[in-house]
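Step one of this worksheet: look at the structure below.
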Amino acid sequence: MRMYDIIMKKRNGGKLTSGEIQYFIDGYTGGEIPDYQVSALMMAIYFRGMDEEETLTLTMAMAHSGDMLDLSAIGGTKVDKHSTGGVGDKTSLALAPMAAACGIRIAKMSGRGLGHTGGTIDKLESFAGFSTDISREHFIRQVNGIGISIMGQTADLAPADKKLYALRDVTATVDNMSLIASSIMSKKLAAGADAIVLDVKTGSGAFMKTLPDSLTLAREMVRIGNGAGRRTVAVVSDMDQPLGRAVGNALEVKEAIDTLRGQGPEDFMELCMTLGSRMLIAGGRAREEEQAREMLREAVSSGAALEKMAEFVQAQGGDSRAVRDTGLLPQALHIEPIPAKTDGYVQSIRCDEIGMCSLLLGGGRETKESEIDLAVGLVLCAKTGDYVRAGEPLAYMHYNDPGRAAAARERFYQAYAFGREKPQIPALIHEIIEQA
Ligand code: URA
């Protein structure tokens, strides 16, 4: 078999056999097939797509490219949660401690930022000293001890995805249904949870921009998860404007902490409630949605969820004082309002553009090796449907480098559209899929 032939077959619209898929996954993971050939194949898949059978084969080959984590040493049902990626999507940061405070065992593997979207690990590194580079023993001991641990994707869990993810991020091949489904589900299957709750984003800030594409992705992942014997549910949620108000690593951590104090943005809290209630039901802690919501509300109002966040940060070497005093998180040197140029209702916000602004400020990676600036980003004052007058701030920009700020400011204005009529506000939850 030759990689050249596999690339050409897919380029010409052919269907790859399971032998061909296994060949390129093994060869890439083992270092025999170079990045440039796999980049070409990713681009061919991007344009030609893969059918259900190819996607399933790819997922299984990636899941088995390394070890399959055995979580049987942790008692109870282990529930994992994963988002397909969005702008301002800090859900895991608030939801994991909320669900853990309700007795769910959170044994979660997370990733770094990808394209214009942020990643949980980068955000968590806003706590000085925090590490997701922990051993399996540490991970399992911590979940048994305090009910929650988040680790990075180790080299031995789904290593094929680890390499492909980094390559796709810098070759404009992220937003393909089969590549996203196989990337997420291979990790989730290898990471060993019994139940999986997926947050599938749809809209301008998501990798899948239209509702039909997002529904197809959600069904595909639910089919793969349930087929592999893991109870899987997908919530299809809106990403047509940033979630909450903060975009940028440390700024999002602060917003998650505010939410655990009961002072978070309404849309963000509602998404945490929707996903959290599915986690509590899947984990056998609640029988139905209203009971689950009540438990989550109580975890926030009693302070138990905030306390769980502090315990979690400390257990992974982070400075947990920042949970109580967010002034200890990384801070940008400059904070500057971005004023509206006209009066009017915000009609829409191109949220991939907002993600790009944060990236331009230094908050995301432009190459695999880029270092990110945790302090920078934006805090939005105006969201879709809000009325603003010229001169009022649309957002506050947090930055360290004035040169980067000038480019981000320009880009920011392109994201907002204004009009005289109040627009319809996009629904936050579009659909919940339990059976594909
Ligand atoms: N999240 C992932 O883990 N993989 C993707 O491909 C996209 C989002």
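By order in the structure tokens, chains are A, B, ...; within a chain, residues start at 1; ligands start at 1, following the order shown.
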For stretch 171-184 of chain A, find every residue with an atom within 9 Å (counting only C-alpha atoms), except residues of its own chain fewer than 5 positions away, and show them as number ranges by chain. A: 39, 42-43, 45-47, 49-52, 54-60, 62-63, 82-84, 114-115, 158, 160-162, 164-165, 189, 206-208, 213-214, 216-218, 220-221, 224
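Picture a line from atom CA of A:Arg48 to atom CA of A:Gly205; it runs 23.1 Å.
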Residues near A:Gly113, cut-off 9 Å, only C-alpha atoms, skip fewer than 6 positions along chain, as a PDB file with N, CA, C and O atoms, in the first residue's frame:
ATOM      1  N   GLY A  85     -16.619  22.802  20.231  1.00  0.00           N
ATOM      2  CA  GLY A  85     -15.755  23.980  20.167  1.00  0.00           C
ATOM      3  C   GLY A  85     -16.508  25.227  19.757  1.00  0.00           C
ATOM      4  O   GLY A  85     -17.288  25.222  18.800  1.00  0.00           O
ATOM      5  N   GLY A 119      -9.549  26.311  24.129  1.00  0.00           N
ATOM      6  CA  GLY A 119      -9.542  24.958  24.686  1.00  0.00           C
ATOM      7  C   GLY A 119      -9.453  25.004  26.204  1.00  0.00           C
ATOM      8  O   GLY A 119      -8.839  25.915  26.765  1.00  0.00           O
ATOM      9  N   THR A 120     -10.068  24.002  26.843  1.00  0.00           N
ATOM     10  CA  THR A 120     -10.137  23.989  28.312  1.00  0.00           C
ATOM     11  C   THR A 120      -8.756  23.997  28.964  1.00  0.00           C
ATOM     12  O   THR A 120      -8.543  24.660  29.979  1.00  0.00           O
ATOM     13  N   ILE A 121      -7.800  23.265  28.379  1.00  0.00           N
ATOM     14  CA  ILE A 121      -6.486  23.180  29.029  1.00  0.00           C
ATOM     15  C   ILE A 121      -5.785  24.528  29.047  1.00  0.00           C
ATOM     16  O   ILE A 121      -5.240  24.947  30.072  1.00  0.00           O
ATOM     17  N   ASP A 122      -5.820  25.227  27.913  1.00  0.00           N
ATOM     18  CA  ASP A 122      -5.194  26.554  27.889  1.00  0.00           C
ATOM     19  C   ASP A 122      -5.838  27.436  28.960  1.00  0.00           C
ATOM     20  O   ASP A 122      -5.154  28.171  29.671  1.00  0.00           O
ATOM     21  N   LYS A 123      -7.155  27.356  29.065  1.00  0.00           N
ATOM     22  CA  LYS A 123      -7.861  28.221  30.024  1.00  0.00           C
ATOM     23  C   LYS A 123      -7.443  27.875  31.447  1.00  0.00           C
ATOM     24  O   LYS A 123      -7.153  28.751  32.263  1.00  0.00           O
ATOM     25  N   ASP A 169      -5.282  21.918  12.777  1.00  0.00           N
ATOM     26  CA  ASP A 169      -5.395  23.281  13.300  1.00  0.00           C
ATOM     27  C   ASP A 169      -4.649  24.288  12.433  1.00  0.00           C
ATOM     28  O   ASP A 169      -5.054  25.437  12.308  1.00  0.00           O
ATOM     29  N   GLY A 364      -4.664  32.943  20.982  1.00  0.00           N
ATOM     30  CA  GLY A 364      -4.763  31.614  20.355  1.00  0.00           C
ATOM     31  C   GLY A 364      -3.483  31.331  19.589  1.00  0.00           C
ATOM     32  O   GLY A 364      -2.606  32.192  19.499  1.00  0.00           O
ATOM     33  N   ARG A 365      -3.401  30.132  19.028  1.00  0.00           N
ATOM     34  CA  ARG A 365      -2.163  29.743  18.330  1.00  0.00           C
ATOM     35  C   ARG A 365      -2.276  29.957  16.828  1.00  0.00           C
ATOM     36  O   ARG A 365      -3.301  29.608  16.244  1.00  0.00           O
TER      37      ARG A 365
END
Contact residues around stretch 190-201 of chain A with only C-alpha atoms at 6 Å, ignoring same-chain residues under 3 positions, as a PyMOL selection string: chain A and resi 63+68-71+78-84+187+206+230-239
